[in-house]
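Next comes query_26.txt, with compact mmCIF, C-alpha atoms.
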# COMPACT_ATOMS: atom_id res chain seq x y z
CA MET A 1 66.73 -28.84 12.06
CA LEU A 2 64.88 -31.98 13.01
CA ALA A 3 63.40 -30.21 16.00
CA LEU A 4 62.30 -27.29 13.79
CA PHE A 5 60.64 -29.69 11.33
CA ALA A 6 58.84 -31.46 14.16
CA GLY A 7 57.60 -28.13 15.50
CA LEU A 8 56.32 -27.03 12.09
CA CYS A 9 54.60 -30.38 11.60
CA GLY A 10 52.91 -30.08 14.99
CA ALA A 11 51.67 -26.58 14.18
CA VAL A 12 50.30 -27.69 10.81
CA CYS A 13 48.61 -30.73 12.36
CA LEU A 14 47.03 -28.60 15.07
CA ALA A 15 45.75 -26.12 12.48
CA ALA A 16 44.29 -28.92 10.39
CA GLY A 17 42.63 -30.41 13.47
CA ALA A 18 41.15 -27.04 14.39
CA SER A 19 39.82 -26.65 10.84
CA LEU A 20 38.21 -30.07 10.95
CA ALA A 21 36.65 -29.28 14.33
CA ALA A 22 35.25 -26.02 12.97
CA ASP A 23 33.73 -27.89 10.02
CA GLU A 24 31.92 -30.41 12.22
CA PRO A 25 28.20 -29.72 12.57
CA ARG A 26 27.41 -27.97 15.80
CA PRO A 27 24.45 -29.08 17.91
CA PRO A 28 21.40 -26.82 17.49
CA LEU A 29 20.75 -24.15 20.09
CA ALA A 30 17.86 -25.19 22.34
CA ILE A 31 15.16 -22.50 22.38
CA GLN A 32 12.06 -22.25 24.56
CA PHE A 33 9.27 -20.28 22.87
CA SER A 34 6.07 -19.36 24.70
CA LEU A 35 2.65 -18.73 23.23
CA ASP A 36 0.39 -16.71 25.49
CA ARG A 37 -2.59 -19.03 25.01
CA PRO A 38 -3.38 -22.54 23.74
CA ILE A 39 -2.37 -23.10 20.16
CA ASP A 40 -4.81 -22.38 17.33
CA ALA A 41 -4.64 -21.50 13.64
CA THR A 42 -3.34 -18.00 14.31
CA ASP A 43 -0.07 -19.64 15.36
CA ALA A 44 0.40 -21.10 11.88
CA PRO A 45 3.57 -19.07 11.13
CA PHE A 46 5.39 -20.79 14.01
CA VAL A 47 3.97 -24.24 13.32
CA MET A 48 4.95 -23.96 9.65
CA ALA A 49 8.44 -22.77 10.57
CA ALA A 50 8.83 -25.80 12.85
CA SER A 51 7.25 -28.45 10.62
CA ASN A 52 9.12 -27.31 7.51
CA GLY A 53 12.55 -27.27 9.15
CA LEU A 54 13.00 -23.49 9.04
CA PHE A 55 14.06 -23.24 12.68
CA SER A 56 16.46 -26.16 12.35
CA ALA A 57 17.95 -24.60 9.21
CA GLU A 58 18.87 -21.64 11.42
CA GLY A 59 20.57 -23.95 13.93
CA LEU A 60 17.70 -23.74 16.42
CA ALA A 61 15.86 -26.52 18.22
CA VAL A 62 12.62 -24.77 19.20
CA THR A 63 10.25 -26.13 21.83
CA ILE A 64 6.85 -24.42 21.96
CA ASN A 65 5.16 -24.07 25.35
CA THR A 66 2.00 -22.32 26.49
CA ALA A 67 1.69 -19.56 29.08
CA SER A 68 -1.48 -18.41 30.83
CA GLY A 69 -1.65 -15.04 29.09
CA SER A 70 0.67 -12.30 27.89
CA PRO A 71 1.75 -11.17 31.40
CA ASP A 72 2.81 -14.75 32.22
CA ALA A 73 4.65 -15.14 28.91
CA ILE A 74 6.47 -11.83 29.41
CA ALA A 75 7.46 -12.83 32.94
CA ARG A 76 8.89 -16.11 31.61
CA VAL A 77 11.06 -14.28 29.10
CA ALA A 78 12.16 -11.75 31.71
CA ALA A 79 13.15 -14.60 34.04
CA GLY A 80 14.93 -16.51 31.28
CA THR A 81 12.76 -19.62 31.54
CA SER A 82 11.63 -18.83 27.98
CA ASP A 83 13.87 -17.32 25.33
CA PHE A 84 11.14 -15.90 23.10
CA ALA A 85 7.40 -15.37 23.43
CA LEU A 86 4.50 -14.12 21.35
CA VAL A 87 2.65 -11.50 23.40
CA ASP A 88 0.36 -8.53 23.07
CA ILE A 89 2.77 -5.61 22.65
CA ASN A 90 0.41 -3.43 24.70
CA ALA A 91 0.77 -5.85 27.60
CA LEU A 92 4.53 -5.40 27.21
CA VAL A 93 4.09 -1.62 27.42
CA ARG A 94 2.22 -2.08 30.71
CA PHE A 95 4.78 -4.60 32.02
CA ARG A 96 7.67 -2.25 31.31
CA ASP A 97 5.89 0.58 33.12
CA LYS A 98 5.87 -1.31 36.42
CA ASP A 99 8.71 -0.62 38.83
CA LYS A 100 10.54 -3.96 38.98
CA GLN A 101 13.95 -3.85 40.62
CA GLY A 102 16.43 -6.04 38.76
CA VAL A 103 14.00 -7.14 36.03
CA PRO A 104 15.73 -6.94 32.62
CA PRO A 105 14.31 -4.56 29.99
CA VAL A 106 12.46 -7.01 27.76
CA LYS A 107 11.75 -5.65 24.28
CA ALA A 108 9.85 -6.71 21.21
CA VAL A 109 11.95 -7.52 18.16
CA PHE A 110 9.28 -8.45 15.59
CA VAL A 111 5.65 -7.35 15.26
CA LEU A 112 3.49 -10.07 13.74
CA TYR A 113 0.12 -8.31 14.03
CA ASN A 114 0.43 -4.94 12.36
CA LYS A 115 -3.07 -4.13 13.63
CA ALA A 116 -4.31 -5.12 17.06
CA PRO A 117 -7.34 -7.45 16.94
CA TYR A 118 -9.26 -5.51 19.61
CA ALA A 119 -12.96 -5.28 18.85
CA ILE A 120 -16.43 -5.00 20.26
CA ILE A 121 -18.51 -7.95 19.15
CA ALA A 122 -22.21 -7.23 19.31
CA ARG A 123 -25.58 -8.64 18.31
CA LYS A 124 -27.40 -6.66 15.64
CA SER A 125 -30.63 -8.04 17.05
CA ARG A 126 -29.78 -6.09 20.23
CA GLY A 127 -29.80 -2.87 18.23
CA ILE A 128 -26.08 -2.50 17.51
CA GLN A 129 -24.96 -1.97 13.95
CA ALA A 130 -22.16 0.57 14.45
CA LEU A 131 -20.02 1.92 17.28
CA SER A 132 -22.39 4.85 17.81
CA ASP A 133 -25.11 2.36 18.79
CA MET A 134 -23.18 1.35 21.92
CA GLU A 135 -24.58 4.22 23.99
CA GLY A 136 -27.05 2.84 26.51
CA LYS A 137 -25.94 -0.76 25.95
CA ASN A 138 -24.44 -3.33 28.31
CA LEU A 139 -20.84 -4.22 27.43
CA GLY A 140 -19.31 -7.38 28.88
CA VAL A 141 -15.60 -7.08 29.69
CA ALA A 142 -13.53 -10.12 30.59
CA GLU A 143 -10.92 -9.83 33.32
CA GLY A 144 -7.50 -8.93 31.89
CA ASP A 145 -8.91 -7.96 28.48
CA LEU A 146 -6.67 -5.18 27.18
CA SER A 147 -9.32 -4.04 24.69
CA ILE A 148 -10.99 -2.05 27.45
CA ARG A 149 -7.78 -0.02 27.99
CA LEU A 150 -8.08 1.32 24.42
CA TRP A 151 -11.85 1.75 24.59
CA PRO A 152 -11.72 5.23 26.22
CA ALA A 153 -9.56 6.58 23.38
CA VAL A 154 -11.72 4.93 20.70
CA ALA A 155 -14.90 6.22 22.32
CA LYS A 156 -13.47 9.73 22.58
CA GLN A 157 -12.34 9.76 18.95
CA ASN A 158 -15.80 8.70 17.81
CA GLY A 159 -17.88 10.96 20.04
CA ILE A 160 -19.24 8.15 22.22
CA LYS A 161 -20.37 9.13 25.71
CA ILE A 162 -18.44 6.43 27.52
CA ALA A 163 -20.38 6.92 30.76
CA SER A 164 -23.55 5.88 28.92
CA VAL A 165 -22.12 2.43 28.18
CA LYS A 166 -22.60 0.05 31.08
CA GLN A 167 -19.59 -2.19 31.67
CA SER A 168 -20.15 -5.60 33.24
CA SER A 169 -17.12 -7.55 34.46
CA ILE A 170 -17.40 -11.18 33.39
CA SER A 171 -15.20 -14.24 33.15
CA ALA A 172 -13.61 -14.95 29.79
CA ALA A 173 -15.13 -18.43 29.98
CA VAL A 174 -18.70 -17.05 29.85
CA ARG A 175 -18.10 -14.17 27.43
CA GLU A 176 -19.51 -15.86 24.33
CA PRO A 177 -22.22 -17.86 26.15
CA MET A 178 -23.62 -14.71 27.79
CA LEU A 179 -23.71 -12.80 24.51
CA SER A 180 -25.19 -15.81 22.74
CA ALA A 181 -27.91 -16.04 25.40
CA GLY A 182 -28.68 -12.30 25.18
CA GLN A 183 -27.63 -11.61 28.78
CA ILE A 184 -25.41 -8.75 27.54
CA ASP A 185 -25.53 -6.68 24.37
CA ALA A 186 -21.86 -6.82 23.36
CA VAL A 187 -18.42 -7.95 24.53
CA THR A 188 -14.88 -6.77 24.10
CA GLY A 189 -12.40 -9.25 22.70
CA PHE A 190 -10.37 -10.27 19.68
CA SER A 191 -12.16 -10.11 16.35
CA TYR A 192 -10.83 -13.50 15.23
CA LEU A 193 -11.70 -15.23 18.51
CA SER A 194 -15.05 -14.13 19.94
CA ALA A 195 -16.80 -13.50 16.62
CA LEU A 196 -15.85 -16.86 15.13
CA ASN A 197 -16.53 -18.70 18.38
CA LEU A 198 -20.02 -17.19 18.46
CA LYS A 199 -20.69 -18.35 14.91
CA ASP A 200 -19.50 -21.78 15.96
CA ARG A 201 -22.05 -21.65 18.81
CA GLY A 202 -24.83 -21.13 16.29
CA VAL A 203 -25.22 -17.34 16.34
CA PRO A 204 -26.08 -16.34 12.75
CA ALA A 205 -23.23 -14.49 11.04
CA ASP A 206 -25.61 -11.78 9.85
CA ASP A 207 -26.59 -11.07 13.46
CA LEU A 208 -23.01 -10.26 14.47
CA ALA A 209 -21.51 -6.78 14.33
CA VAL A 210 -17.71 -6.93 14.61
CA LEU A 211 -16.62 -3.39 15.44
CA LYS A 212 -12.85 -3.48 15.01
CA PHE A 213 -11.05 -0.73 16.91
CA ALA A 214 -8.59 -0.38 14.04
CA ASP A 215 -11.49 0.75 11.83
CA TYR A 216 -12.36 3.47 14.35
CA GLY A 217 -9.00 5.21 14.72
CA CYS A 218 -7.09 2.87 17.04
CA ASP A 219 -3.39 2.89 16.13
CA ALA A 220 -2.38 -0.03 18.36
CA TYR A 221 -0.12 -2.78 17.11
CA GLY A 222 -0.96 -6.32 18.21
CA PHE A 223 1.03 -9.44 18.92
CA ALA A 224 4.80 -9.29 18.77
CA ILE A 225 7.80 -11.52 19.45
CA ILE A 226 9.81 -10.60 22.53
CA VAL A 227 13.24 -11.94 23.46
CA ASN A 228 15.20 -12.43 26.64
CA PRO A 229 17.76 -9.58 26.78
CA ALA A 230 20.62 -11.85 27.85
CA LEU A 231 20.08 -14.14 24.86
CA ALA A 232 19.81 -11.15 22.53
CA ALA A 233 23.14 -9.79 23.80
CA ALA A 234 24.99 -13.12 23.79
CA LYS A 235 23.56 -14.68 20.62
CA PRO A 236 22.23 -11.97 18.29
CA ASP A 237 22.52 -14.27 15.28
CA ALA A 238 20.14 -16.72 16.96
CA VAL A 239 17.59 -13.92 17.32
CA ARG A 240 18.01 -12.99 13.66
CA GLY A 241 17.66 -16.63 12.67
CA PHE A 242 14.49 -17.06 14.73
CA ILE A 243 12.94 -14.04 13.03
CA ARG A 244 13.94 -15.26 9.55
CA ALA A 245 12.30 -18.61 10.28
CA VAL A 246 9.08 -16.92 11.44
CA ILE A 247 9.01 -14.79 8.29
CA GLY A 248 9.43 -17.94 6.22
CA GLY A 249 6.67 -19.67 8.18
CA THR A 250 4.38 -16.69 7.60
CA HIS A 251 5.02 -16.89 3.84
CA LEU A 252 4.07 -20.58 3.91
CA ALA A 253 0.87 -19.89 5.86
CA VAL A 254 -0.08 -17.13 3.41
CA LYS A 255 0.64 -19.36 0.40
CA ASP A 256 -1.28 -22.38 1.69
CA PRO A 257 -3.68 -21.57 4.56
CA ALA A 258 -5.43 -24.94 4.33
CA GLY A 259 -2.14 -26.83 4.56
CA ALA A 260 -1.06 -24.64 7.46
CA VAL A 261 -4.28 -25.35 9.33
CA ALA A 262 -3.85 -29.09 8.77
CA ASN A 263 -0.46 -28.79 10.49
CA VAL A 264 -1.93 -26.78 13.38
CA ILE A 265 -4.90 -29.12 13.92
CA GLY A 266 -2.44 -31.93 14.53
CA ARG A 267 -1.05 -29.98 17.50
CA MET A 268 -4.38 -28.85 18.96
CA ASP A 269 -6.46 -30.57 21.57
CA GLY A 270 -9.45 -30.93 19.28
CA GLY A 271 -10.47 -28.20 16.85
CA SER A 272 -12.58 -27.78 13.73
CA LYS A 273 -10.65 -27.53 10.49
CA ASP A 274 -13.26 -25.25 8.92
CA LEU A 275 -13.37 -22.94 11.96
CA GLU A 276 -9.59 -22.74 12.21
CA LEU A 277 -9.21 -22.08 8.49
CA GLU A 278 -11.64 -19.17 8.78
CA ARG A 279 -9.72 -17.96 11.84
CA LEU A 280 -6.39 -18.00 10.00
CA ARG A 281 -7.78 -16.26 6.92
CA THR A 282 -9.36 -13.62 9.16
CA VAL A 283 -6.16 -12.83 11.05
CA LEU A 284 -4.08 -12.78 7.85
CA ARG A 285 -6.51 -10.35 6.22
CA ASP A 286 -7.24 -8.07 9.16
CA ASN A 287 -4.13 -8.12 11.32
CA ILE A 288 -1.05 -9.35 9.45
CA LEU A 289 -1.25 -8.47 5.74
CA THR A 290 -2.20 -4.81 6.14
CA ALA A 291 -1.48 -2.06 3.63
CA GLU A 292 1.40 -0.91 5.86
CA VAL A 293 2.94 -4.39 5.79
CA ARG A 294 2.57 -4.70 2.04
CA ARG A 295 4.49 -1.42 1.71
CA ASN A 296 7.12 -1.86 4.41
CA GLY A 297 7.35 -5.59 5.05
CA LEU A 298 6.63 -7.78 8.05
CA GLY A 299 7.91 -7.18 11.53
CA GLY A 300 8.65 -3.47 11.84
CA ILE A 301 6.80 -0.51 13.28
CA ASP A 302 6.13 3.06 12.27
CA ALA A 303 7.56 4.98 15.23
CA ALA A 304 5.12 7.91 14.93
CA ARG A 305 2.14 5.54 14.84
CA PHE A 306 3.48 3.61 17.82
CA GLU A 307 3.82 6.84 19.80
CA ARG A 308 0.18 7.65 19.00
CA SER A 309 -0.85 4.18 20.17
CA ILE A 310 0.93 4.74 23.50
CA ASP A 311 -0.98 8.01 23.90
CA GLN A 312 -4.22 6.15 23.19
CA LEU A 313 -3.33 3.48 25.73
CA ALA A 314 -2.71 6.25 28.27
CA GLU A 315 -6.40 7.22 28.00
CA GLY A 316 -7.27 4.00 29.81
CA PHE A 317 -4.07 3.27 31.73
CA LYS A 318 -2.12 5.66 33.94
CA PHE A 319 1.62 5.34 33.33
CA GLN A 320 4.16 5.83 36.08
CA LYS A 321 6.45 7.07 33.33
CA ARG A 322 5.26 7.21 29.74
CA PRO A 323 7.52 5.05 27.56
CA VAL A 324 8.72 5.89 24.07
CA ALA A 325 8.80 3.51 21.12
CA ALA A 326 12.53 2.76 21.56
CA ASP A 327 11.85 1.53 25.11
CA ILE A 328 9.57 -1.18 23.77
CA PHE A 329 10.75 -2.14 20.27
CA ASP A 330 14.25 -2.97 18.98
CA ASP A 331 14.58 -3.25 15.21
CA GLN A 332 18.26 -4.25 15.04
CA PHE A 333 17.49 -7.95 14.49
CA LEU A 334 15.15 -7.46 11.53
CA PRO A 335 16.27 -8.48 8.03
CA PRO A 336 16.40 -5.76 5.37
CA VAL A 337 13.03 -4.73 3.98
CA ASN A 338 13.43 -6.87 0.86
CA GLY A 339 13.72 -9.89 3.16
CA ARG A 340 10.44 -9.03 4.87
CA LEU A 341 8.12 -8.21 1.98
CA ILE A 342 5.11 -10.43 1.31
CA ASN A 343 4.71 -11.32 -2.36
Output the file's structure as structure tokens, nothing else.
Amino acid sequence: MLALFAGLCGAVCLAAGASLAADEPRPPLAIQFSLDRPIDATDAPFVMAASNGLFSAEGLAVTINTASGSPDAIARVAAGTSDFALVDINALVRFRDKDKQGVPPVKAVFVLYNKAPYAIIARKSRGIQALSDMEGKNLGVAEGDLSIRLWPAVAKQNGIKIASVKQSSISAAVREPMLSAGQIDAVTGFSYLSALNLKDRGVPADDLAVLKFADYGCDAYGFAIIVNPALAAAKPDAVRGFIRAVIGGTHLAVKDPAGAVANVIGRMDGGSKDLELERLRTVLRDNILTAEVRRNGLGGIDAARFERSIDQLAEGFKFQKRPVAADIFDDQFLPPVNGRLIN
């Protein structure tokens, strides 16, 4: 009897100890998150999630690092040196098309930019008011700029004779200076980058024509969060938590853009508060808070639209094997729609 009592006591004590251990706070999961370029106001959703404790509330200790472009950021996630990254989803489509033995199938799990920011930025004083005015003009294209891969489809949809538009390959570093100096008539780029940078260089706002591809029939989505497949398989709740934190950070940036920019400026190497505030408001208006997002919530895609965007990308990029939406985007980590709506 005494032995039985001792055994029961030991079992109870072990159970109690296990319960206490389970109740102890667990250390946060260390997460490496890559941006594809130096931080600016467009990264406010992530900065707000970090500075307001939204990542830590999900049990995540997020370190933000910077890659040298979307291809580099994607490669980091594929290799596992970064767990998440914010990249151009069209760069992901191209990455997945390459034949890479043993490279895991990286997918996007949250689309932040419902509309891609691709645009032609032109000078009205050079005779360009609308897309149809591009015929006979000199278009500067920076190396690695994905805008030019969608340009053939946009030109075709709008009856532009693409052969009549001269394309000049230029460095991204001289894109705005060359347009500002009148050495070229227009450049491809992101609407919230080149246009605002040109205004900051002293080009009058009323001399700039920002011809957004999305206004001319381009169905492309823009920047999206990708995740390392091994992390997604082993810790799906961490992926869900990361996305919830980003949604919360986006809400905060929408509610208080000026406060969000103040947080971002503190992490930038220099930067004008007024310029960055205009940049954030531009990207919120044009790329994030679209009519589709207001209906369906942040983060998801319309599969039929995404298929059309892949077809448009194929006009300027030859696929080895055309992907389908499910090859690129995985919606299983998204919260329900009511958890993604913007008030």
- Query: If we count only C-alpha atoms, what is near Arg96 (chain A) at a cut-off of 8 Å, once residues fewer than 5 positions away on the same chain are taken out, given as a list in words?
  - Reply: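 Within the cut-off, the hits are Pro105, Val106 and Ile328 of chain A.
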- Message: I'd like the contact shell of region 215-226 of chain A - 8 Å cut-off, all atoms listed in the file, skipping same-chain residues fewer than 4 positions apart - returned as a PyMOL selection string.
- Response: chain A and resi 74+77+84-90+106-117+150+153-154+157-158+211+287+305-306+308-310+312
- Message: Using all atoms listed in the file and a cutoff of 12 Å, can you tell me which residues are near (16.4, -7.0, 13.4) in the file's coordinates, and write them out as number ranges by chain?
- Response: A: 107-111, 225-227, 232, 236-244, 247, 298-301, 329-337, 339-340
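Of note, CA of Ala258 (chain A) and CA of Leu277 (chain A) are spaced 6.3 Å apart.
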- Thr250 (chain A): which residues within 10 Å, counting all atoms listed in the file, same-chain residues fewer than 3 positions away excluded, as a list in words?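 These residues fall inside the cut-off: Asp43, Ala44, Pro45, Phe46, Val47, Met48, Ala49, Leu112, Arg244, Ala245, Val246, Ile247, Ala253, Val254, Lys255, Asp256, Pro257, Ala260, Leu284, Ile288, Leu298 and Ile342 of chain A.
Take the candidates A:Ala233, A:Ala119, A:Leu313, A:Val264 and check each one against Ala91 (chain A) using only C-alpha atoms; the shortest distance goes to A:Leu313.
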- Query: Counting all atoms listed in the file, which of A:Val187, A:Ile121, A:Ala304, A:Ile39 gets nearest to Glu276 (chain A)?
  - Reply: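 For Glu276 (chain A), the nearest of the given residues is A:Ile39.
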- What lies within 8 Å of Leu341 (chain A) using only C-alpha atoms, ignoring chain neighbours under 4 positions off, as number ranges by chain? A: 293-298, 337
Because the input lacks atoms here, generate N, CA and C atoms for region 50-71 of chain A and report them as a CSV table (one decimal), in the coordinates of the input.
chain,number,residue,atom,x,y,z
A,50,ALA,N,8.3,-24.6,12.2
A,50,ALA,CA,8.8,-25.8,12.8
A,50,ALA,C,8.7,-27.0,12.0
A,51,SER,N,7.5,-27.2,11.4
A,51,SER,CA,7.2,-28.4,10.6
A,51,SER,C,8.0,-28.5,9.3
A,52,ASN,N,8.4,-27.3,8.8
A,52,ASN,CA,9.1,-27.3,7.5
A,52,ASN,C,10.6,-27.1,7.7
A,53,GLY,N,11.1,-27.3,8.9
A,53,GLY,CA,12.6,-27.3,9.2
A,53,GLY,C,13.2,-25.9,9.1
A,54,LEU,N,12.4,-24.8,9.2
A,54,LEU,CA,13.0,-23.5,9.0
A,54,LEU,C,13.8,-23.1,10.3
A,55,PHE,N,13.3,-23.5,11.5
A,55,PHE,CA,14.1,-23.2,12.7
A,55,PHE,C,15.4,-24.0,12.7
A,56,SER,N,15.3,-25.3,12.3
A,56,SER,CA,16.5,-26.2,12.4
A,56,SER,C,17.5,-25.7,11.3
A,57,ALA,N,17.0,-25.1,10.2
A,57,ALA,CA,18.0,-24.6,9.2
A,57,ALA,C,18.7,-23.4,9.8
A,58,GLU,N,18.2,-22.8,10.8
A,58,GLU,CA,18.9,-21.6,11.4
A,58,GLU,C,19.7,-22.1,12.6
A,59,GLY,N,19.8,-23.4,12.8
A,59,GLY,CA,20.6,-24.0,13.9
A,59,GLY,C,19.8,-23.9,15.3
A,60,LEU,N,18.5,-23.9,15.2
A,60,LEU,CA,17.7,-23.7,16.4
A,60,LEU,C,16.8,-25.0,16.6
A,61,ALA,N,16.8,-25.4,17.8
A,61,ALA,CA,15.9,-26.5,18.2
A,61,ALA,C,14.8,-25.9,19.1
A,62,VAL,N,13.6,-25.6,18.5
A,62,VAL,CA,12.6,-24.8,19.2
A,62,VAL,C,11.6,-25.7,19.8
A,63,THR,N,11.3,-25.5,21.1
A,63,THR,CA,10.2,-26.1,21.8
A,63,THR,C,9.2,-25.1,22.1
A,64,ILE,N,7.9,-25.4,21.7
A,64,ILE,CA,6.8,-24.4,22.0
A,64,ILE,C,6.1,-24.8,23.2
A,65,ASN,N,5.9,-23.8,24.1
A,65,ASN,CA,5.2,-24.1,25.4
A,65,ASN,C,4.1,-23.0,25.4
A,66,THR,N,3.2,-23.2,26.4
A,66,THR,CA,2.0,-22.3,26.5
A,66,THR,C,2.0,-21.7,27.8
A,67,ALA,N,1.8,-20.3,27.8
A,67,ALA,CA,1.7,-19.6,29.1
A,67,ALA,C,0.2,-19.3,29.3
A,68,SER,N,-0.1,-18.7,30.5
A,68,SER,CA,-1.5,-18.4,30.8
A,68,SER,C,-1.9,-17.0,30.5
A,69,GLY,N,-1.4,-16.4,29.5
A,69,GLY,CA,-1.6,-15.0,29.1
A,69,GLY,C,-0.4,-14.3,28.8
A,70,SER,N,-0.5,-13.1,28.2
A,70,SER,CA,0.7,-12.3,27.9
A,70,SER,C,1.5,-11.9,29.1
A,71,PRO,N,0.9,-11.5,30.2
A,71,PRO,CA,1.8,-11.2,31.4
A,71,PRO,C,2.6,-12.3,31.9
